[in-house]
Amino acid sequence: MASIVRLPRPLADIWDWQRNAACRDLDSAMFFHPEGERGISRQRREDRAKEICAGCPVRLNCLDHSLRVEEPYGIWGGVAEGEREASRRHR
Ligand code: SF4
């Protein structure tokens, strides 16, 4: 679970970028792995999600948010949870 203390305040202008998200009307299951998903099925789902993120007009806002609040799950800004974790450990 993301740390609530790192979440931005509930002001519309802080969260407004989400209105332009390419994933806004898509099934969130594309971006978050189900219990026990591994291997090629996980890789395919992540690749599809990352393709959507690559064309998203708010990709950098999304990635910045996920890094600031240390989102532990899902694809955010085209970056998977394992990749974010590796980046955190590297810093
Ligand atoms: S970058 Fe990806 S996860 Fe983030 S808002 Fe855009 S489509 Fe959604």
# chains A, B, ... in the order shown; residues from 1 in each chain; ligands from 1
$ residues_around --residues "Arg42 in chain A" --least-positions-apart "5" --cutoff "12 Å" --atoms "only C-alpha atoms" --output "NGL selection string"
:A and (29-37 or 47-49 or 74-75 or 80)
$ select_by_dssp --residues "chain A" --states "alpha helix (DSSP H)" --output "PyMOL selection string"
chain A and resi 12-15+39-54+59-68+81-90
$ write_last_selection --atoms "C-alpha atoms" --output "CSV table (one decimal), in the first residue's frame"
chain,number,residue,atom,x,y,z
A,12,ALA,CA,-8.2,19.4,-7.5
A,13,ASP,CA,-5.3,21.2,-9.2
A,14,ILE,CA,-2.8,18.6,-7.8
A,15,TRP,CA,-4.7,15.7,-9.1
A,39,GLY,CA,6.0,-15.4,-16.3
A,40,ILE,CA,4.9,-14.7,-19.9
A,41,SER,CA,1.3,-13.7,-19.0
A,42,ARG,CA,2.6,-11.1,-16.6
A,43,GLN,CA,5.2,-9.9,-19.1
A,44,ARG,CA,2.5,-9.6,-21.8
A,45,ARG,CA,0.1,-7.6,-19.6
A,46,GLU,CA,2.9,-5.3,-18.5
A,47,ASP,CA,4.0,-4.8,-22.1
A,48,ARG,CA,0.4,-3.8,-23.1
A,49,ALA,CA,0.2,-1.4,-20.2
A,50,LYS,CA,3.5,0.2,-21.0
A,51,GLU,CA,2.4,0.7,-24.6
A,52,ILE,CA,-0.6,2.7,-23.4
A,53,CYS,CA,1.6,4.7,-21.0
A,54,ALA,CA,4.1,5.4,-23.8
A,59,ARG,CA,3.1,10.1,-18.3
A,60,LEU,CA,5.6,12.2,-16.5
A,61,ASN,CA,3.1,13.4,-14.0
A,62,CYS,CA,2.1,9.8,-13.3
A,63,LEU,CA,5.6,8.6,-12.9
A,64,ASP,CA,6.5,11.5,-10.6
A,65,HIS,CA,3.5,10.8,-8.4
A,66,SER,CA,4.4,7.1,-8.2
A,67,LEU,CA,8.0,7.9,-7.1
A,68,ARG,CA,7.0,10.5,-4.6
A,81,GLU,CA,6.7,-1.9,-9.5
A,82,GLY,CA,9.9,-4.0,-9.7
A,83,GLU,CA,11.6,-1.3,-11.8
A,84,ARG,CA,10.6,1.4,-9.3
A,85,GLU,CA,11.8,-0.7,-6.4
A,86,ALA,CA,15.2,-1.3,-8.1
A,87,SER,CA,15.5,2.4,-8.8
A,88,ARG,CA,14.7,3.2,-5.1
A,89,ARG,CA,17.4,0.7,-3.9
A,90,HIS,CA,19.9,2.1,-6.3
$ atom_distance --atom1 "CA of Leu11 in chain A" --atom2 "CA of Gly55 in chain A"
26.0 Å
$ closest_residue --among "A:Val5, A:Arg91, A:Glu71, A:Gly77" --to "ligand 1" --atoms "only C-alpha atoms and all ligand atoms"
A:Gly77
$ closest_residue --among "A:Val69, A:Ala21, A:Val79, A:Leu7" --to "ligand 1" --atoms "only C-alpha atoms and all ligand atoms"
A:Ala21
$ atom_distance --atom1 "CA of Asn20 in chain A" --atom2 "CA of Gly78 in chain A"
15.3 Å
$ atom_distance --atom1 "CA of Tyr73 in chain A" --atom2 "CA of Gln18 in chain A"
17.5 Å
